[in-house]
Amino acid sequence: MADFTTTFLGTGTSMGVPMIGCDCQVCRSPDPRDRRTRSSVYIETPEAAFVIDTGVDFRAQALREKIARLDAVIFTHSHTDHIMGLDDLRPFCFGDRTLEVFASAATLADLRRVYEFVFSGKNLYPGYLRLRAHEVHAPFAIGQTAIAPLPVPHGRSTTLGYLFSREGRPLFAYLSDCHAVPPEIVEEVRGVDTLVLDTLRHQPHPTHLSVSQACAIAAEIQPRATYLTHISHELGHAATEAGLPENVRLAYDGLILKWGAAA
């Protein structure tokens with residue numbers, strides 16, 4: 001196994017691509033990279049496996065990628081397209097296993113409200129969903145992976161991005177659902193190996209980055225590679241990639257990135 005493996009479970013915006021009722025060129029595209037389920041990534045290390053966000057497509061994503069192991073869930077925020085697949089985590093709790101859940105105080109409050117039947121701990125029969133909540137307000141670790149929360153603005157709310165490091169080496173920064181990256185976050189992730197960044201469309205949007213905004217942020221952070229995610233049906237994969245800088249690419253469902261042990 002690689003030291004750190006990331007699989008993009010989904011790379012689409014809240015409505016997915018193709019979008020219901022739409023007959024645009026991208027929604028009709030035969031390119032499999034233009035079929036985007038809701039944004040999420042699955043991370044495997046030698047000690048643990050965890051997922052960032054569980055959207056409404058999580059069951060199908062887990063089946064597609066043949067996910068058989070999960071130890072923890074990390075949430076960016078509590079919008080529907082990021083939490084409504086939580087109940088599909090039940091198979092990972094068979095044998096009375098407990099999954100660790102990491103999220104901000106605001107996101108945990110929403111999860112406890114929406115999934116009161118889980119977090120109350122009442123009347124849970126054997127094999128049902130069992131979660132142990134951890135409020136994220138400082139760096140934490142899963143196995144030997146150090147994880148730093150990265151608060152970023154998302155309209156009138158704040159979401160958490162995350163920086164993942166191993167043996168002091170910053171491997172992977174995940175910043176979905178944001179319309180800007182504050183200067184202090186730019187500094188914290190500057191020089192990370194791989195940056196994943198929100199990009200909705202070409203036109204500006206009040207809660208998401210545009211392609212040009214994302215490329216400008218990537219140029220400032222200077223990662224080895226940048227992948228854009230949370231993509232709408234306004235961006236066709238091939239046409240959009242043709243106009244991107246050399247080290248910037250669109251992510252796509254099923255894309256796998258791997259890192260070996262630190263040299």
# chains A, B, ... in the order shown; residues from 1 in each chain; ligands from 1

call {"tool": "residues_around", "arguments": {"residues": "segment 9-23 of chain A", "least_positions_apart": "3", "cutoff": "9 Å", "atoms": "only C-alpha atoms", "output": "CSV table (one decimal) with C-alpha atoms, in the first residue's frame"}}
result
chain,number,residue,atom,x,y,z
A,26,VAL,CA,-22.0,18.7,-20.8
A,27,CYS,CA,-25.0,16.9,-19.3
A,28,ARG,CA,-25.2,14.9,-22.6
A,29,SER,CA,-21.5,14.4,-22.8
A,34,ASP,CA,-18.2,14.7,-17.2
A,35,ARG,CA,-20.4,12.5,-15.0
A,36,ARG,CA,-19.9,14.0,-11.5
A,37,THR,CA,-21.5,12.8,-8.3
A,38,ARG,CA,-21.4,14.9,-5.1
A,39,SER,CA,-18.0,16.0,-3.9
A,40,SER,CA,-16.2,13.6,-1.5
A,41,VAL,CA,-12.8,11.9,-1.2
A,42,TYR,CA,-11.7,8.6,0.4
A,55,GLY,CA,-23.2,13.1,0.4
A,57,ASP,CA,-24.3,9.6,-3.5
A,58,PHE,CA,-22.1,7.9,-0.9
A,61,GLN,CA,-19.6,5.8,-4.7
A,62,ALA,CA,-18.6,3.2,-2.1
A,64,ARG,CA,-18.1,1.8,-7.3
A,65,GLU,CA,-14.8,2.0,-5.6
A,79,HIS,CA,-25.0,21.3,3.6
A,80,THR,CA,-27.2,18.6,2.2
A,81,ASP,CA,-24.8,17.5,-0.5
A,82,HIS,CA,-22.2,16.8,2.1
A,200,LEU,CA,-17.8,25.9,-9.8
A,228,LEU,CA,-10.3,21.4,-9.2
A,229,THR,CA,-13.4,20.0,-7.7
A,230,HIS,CA,-17.1,20.7,-6.9
A,231,ILE,CA,-17.6,21.4,-10.6
A,232,SER,CA,-20.9,22.3,-12.2
A,233,HIS,CA,-22.3,21.3,-15.6
A,250,LEU,CA,-9.9,19.1,-13.3
A,251,ALA,CA,-10.5,16.2,-10.9
A,252,TYR,CA,-13.0,13.5,-11.9
A,253,ASP,CA,-14.9,10.8,-10.2
A,254,GLY,CA,-12.6,7.8,-9.6
A,255,LEU,CA,-9.3,9.7,-9.9

call {"tool": "select_by_dssp", "arguments": {"residues": "segment 49-90 of chain A", "states": "helix (DSSP H, G or I)", "output": "ChimeraX atom specification"}}
result
/A:58-64,80-83,86-90

call {"tool": "write_last_selection", "arguments": {"atoms": "N, CA, C and O atoms", "output": "mmCIF file, in the first residue's frame"}}
result
data_model
loop_
_atom_site.group_PDB
_atom_site.id
_atom_site.type_symbol
_atom_site.label_atom_id
_atom_site.label_comp_id
_atom_site.auth_asym_id
_atom_site.auth_seq_id
_atom_site.Cartn_x
_atom_site.Cartn_y
_atom_site.Cartn_z
ATOM 1 N N PHE A 58 -23.136 8.703 -1.557
ATOM 2 C CA PHE A 58 -22.073 7.934 -0.914
ATOM 3 C C PHE A 58 -22.219 6.427 -1.137
ATOM 4 O O PHE A 58 -21.224 5.736 -1.401
ATOM 5 N N ARG A 59 -23.407 5.885 -1.033
ATOM 6 C CA ARG A 59 -23.588 4.435 -1.210
ATOM 7 C C ARG A 59 -23.081 3.997 -2.583
ATOM 8 O O ARG A 59 -22.302 3.039 -2.709
ATOM 9 N N ALA A 60 -23.511 4.693 -3.633
ATOM 10 C CA ALA A 60 -23.094 4.337 -4.986
ATOM 11 C C ALA A 60 -21.584 4.528 -5.161
ATOM 12 O O ALA A 60 -20.920 3.731 -5.830
ATOM 13 N N GLN A 61 -21.047 5.576 -4.564
ATOM 14 C CA GLN A 61 -19.605 5.811 -4.664
ATOM 15 C C GLN A 61 -18.817 4.691 -3.993
ATOM 16 O O GLN A 61 -17.817 4.197 -4.532
ATOM 17 N N ALA A 62 -19.256 4.276 -2.801
ATOM 18 C CA ALA A 62 -18.565 3.222 -2.060
ATOM 19 C C ALA A 62 -18.622 1.896 -2.815
ATOM 20 O O ALA A 62 -17.638 1.142 -2.853
ATOM 21 N N LEU A 63 -19.750 1.610 -3.430
ATOM 22 C CA LEU A 63 -19.867 0.387 -4.225
ATOM 23 C C LEU A 63 -18.979 0.457 -5.464
ATOM 24 O O LEU A 63 -18.313 -0.516 -5.820
ATOM 25 N N ARG A 64 -18.962 1.593 -6.119
ATOM 26 C CA ARG A 64 -18.146 1.763 -7.331
ATOM 27 C C ARG A 64 -16.668 1.565 -7.034
ATOM 28 O O ARG A 64 -15.949 0.927 -7.805
ATOM 29 N N THR A 80 -26.582 19.886 2.542
ATOM 30 C CA THR A 80 -27.200 18.605 2.205
ATOM 31 C C THR A 80 -26.295 17.708 1.375
ATOM 32 O O THR A 80 -26.195 16.499 1.625
ATOM 33 N N ASP A 81 -25.622 18.281 0.384
ATOM 34 C CA ASP A 81 -24.806 17.464 -0.513
ATOM 35 C C ASP A 81 -23.536 16.940 0.145
ATOM 36 O O ASP A 81 -22.750 16.234 -0.501
ATOM 37 N N HIS A 82 -23.349 17.241 1.426
ATOM 38 C CA HIS A 82 -22.158 16.767 2.134
ATOM 39 C C HIS A 82 -22.470 15.861 3.331
ATOM 40 O O HIS A 82 -21.552 15.230 3.854
ATOM 41 N N ILE A 83 -23.741 15.790 3.748
ATOM 42 C CA ILE A 83 -24.048 14.987 4.949
ATOM 43 C C ILE A 83 -25.137 13.944 4.766
ATOM 44 O O ILE A 83 -25.280 13.058 5.610
ATOM 45 N N LEU A 86 -24.970 9.979 5.378
ATOM 46 C CA LEU A 86 -24.420 9.478 6.643
ATOM 47 C C LEU A 86 -24.987 8.119 7.037
ATOM 48 O O LEU A 86 -24.251 7.236 7.507
ATOM 49 N N ASP A 87 -26.255 7.903 6.823
ATOM 50 C CA ASP A 87 -26.869 6.641 7.250
ATOM 51 C C ASP A 87 -26.310 5.445 6.478
ATOM 52 O O ASP A 87 -26.390 4.306 6.945
ATOM 53 N N ASP A 88 -25.723 5.698 5.303
ATOM 54 C CA ASP A 88 -25.144 4.601 4.519
ATOM 55 C C ASP A 88 -23.815 4.113 5.079
ATOM 56 O O ASP A 88 -23.201 3.196 4.523
ATOM 57 N N LEU A 89 -23.379 4.679 6.185
ATOM 58 C CA LEU A 89 -22.180 4.194 6.864
ATOM 59 C C LEU A 89 -22.450 2.963 7.718
ATOM 60 O O LEU A 89 -21.524 2.388 8.286
ATOM 61 N N ARG A 90 -23.707 2.545 7.827
ATOM 62 C CA ARG A 90 -24.059 1.446 8.723
ATOM 63 C C ARG A 90 -23.231 0.176 8.529
ATOM 64 O O ARG A 90 -22.815 -0.445 9.519
#

call {"tool": "select_by_dssp", "arguments": {"residues": "segment 108-241 of chain A", "states": "strand (DSSP E or B)", "output": "number ranges by chain"}}
result
A: 131-135, 140-142, 145-154, 157-166, 169-175, 194-198, 201, 210, 225-229, 231

call {"tool": "write_last_selection", "arguments": {"atoms": "C-alpha atoms", "output": "mmCIF file, in the first residue's frame"}}
result
data_model
loop_
_atom_site.group_PDB
_atom_site.id
_atom_site.type_symbol
_atom_site.label_atom_id
_atom_site.label_comp_id
_atom_site.auth_asym_id
_atom_site.auth_seq_id
_atom_site.Cartn_x
_atom_site.Cartn_y
_atom_site.Cartn_z
ATOM 1 C CA LEU A 131 -20.586 7.314 15.878
ATOM 2 C CA ARG A 132 -18.183 9.018 18.280
ATOM 3 C CA ALA A 133 -18.145 12.779 17.699
ATOM 4 C CA HIS A 134 -15.028 14.962 17.927
ATOM 5 C CA GLU A 135 -15.338 18.744 17.703
ATOM 6 C CA PHE A 140 -5.753 16.399 15.235
ATOM 7 C CA ALA A 141 -4.510 13.056 13.946
ATOM 8 C CA ILE A 142 -5.895 9.852 12.486
ATOM 9 C CA THR A 145 -1.662 11.425 9.558
ATOM 10 C CA ALA A 146 -1.641 14.936 11.025
ATOM 11 C CA ILE A 147 -4.723 16.911 10.014
ATOM 12 C CA ALA A 148 -5.028 20.693 10.316
ATOM 13 C CA PRO A 149 -8.425 22.401 9.883
ATOM 14 C CA LEU A 150 -8.496 25.278 7.410
ATOM 15 C CA PRO A 151 -11.475 27.657 7.883
ATOM 16 C CA VAL A 152 -12.591 29.211 4.600
ATOM 17 C CA PRO A 153 -15.596 31.439 3.726
ATOM 18 C CA HIS A 154 -18.555 29.896 1.930
ATOM 19 C CA SER A 157 -21.003 30.641 6.475
ATOM 20 C CA THR A 158 -17.619 29.035 7.096
ATOM 21 C CA THR A 159 -16.502 25.602 5.969
ATOM 22 C CA LEU A 160 -13.461 23.612 7.013
ATOM 23 C CA GLY A 161 -10.841 22.596 4.531
ATOM 24 C CA TYR A 162 -8.077 20.286 5.733
ATOM 25 C CA LEU A 163 -4.316 19.911 5.349
ATOM 26 C CA PHE A 164 -2.999 16.335 5.601
ATOM 27 C CA SER A 165 0.649 15.714 6.510
ATOM 28 C CA ARG A 166 2.744 12.656 7.276
ATOM 29 C CA ARG A 169 5.510 16.414 5.020
ATOM 30 C CA PRO A 170 2.411 18.357 3.785
ATOM 31 C CA LEU A 171 0.915 16.063 1.181
ATOM 32 C CA PHE A 172 -2.636 17.081 0.461
ATOM 33 C CA ALA A 173 -4.822 20.147 1.066
ATOM 34 C CA TYR A 174 -8.566 19.883 0.454
ATOM 35 C CA LEU A 175 -10.479 23.168 0.100
ATOM 36 C CA THR A 194 -1.164 18.603 -3.986
ATOM 37 C CA LEU A 195 -3.933 21.170 -3.629
ATOM 38 C CA VAL A 196 -7.614 20.405 -4.219
ATOM 39 C CA LEU A 197 -9.653 23.536 -4.711
ATOM 40 C CA ASP A 198 -13.296 24.466 -5.215
ATOM 41 C CA ARG A 201 -17.758 27.610 -13.229
ATOM 42 C CA SER A 210 -14.530 30.572 -10.431
ATOM 43 C CA ALA A 225 -0.166 19.983 -8.617
ATOM 44 C CA THR A 226 -3.679 21.397 -8.274
ATOM 45 C CA TYR A 227 -6.967 19.575 -8.900
ATOM 46 C CA LEU A 228 -10.253 21.447 -9.171
ATOM 47 C CA THR A 229 -13.426 19.956 -7.715
ATOM 48 C CA ILE A 231 -17.628 21.351 -10.593
#

call {"tool": "atom_distance", "arguments": {"atom1": "atom CA of Tyr128 of chain A", "atom2": "atom CA of Ile67 of chain A"}}
result
18.4 Å

call {"tool": "atom_distance", "arguments": {"atom1": "atom CA of Pro245 of chain A", "atom2": "atom CA of Ala219 of chain A"}}
result
9.3 Å

call {"tool": "closest_residue", "arguments": {"among": "A:Asp53, A:Ala103, A:Val211, A:Ile43", "to": "Pro139 of chain A", "atoms": "only C-alpha atoms"}}
result
A:Ala103
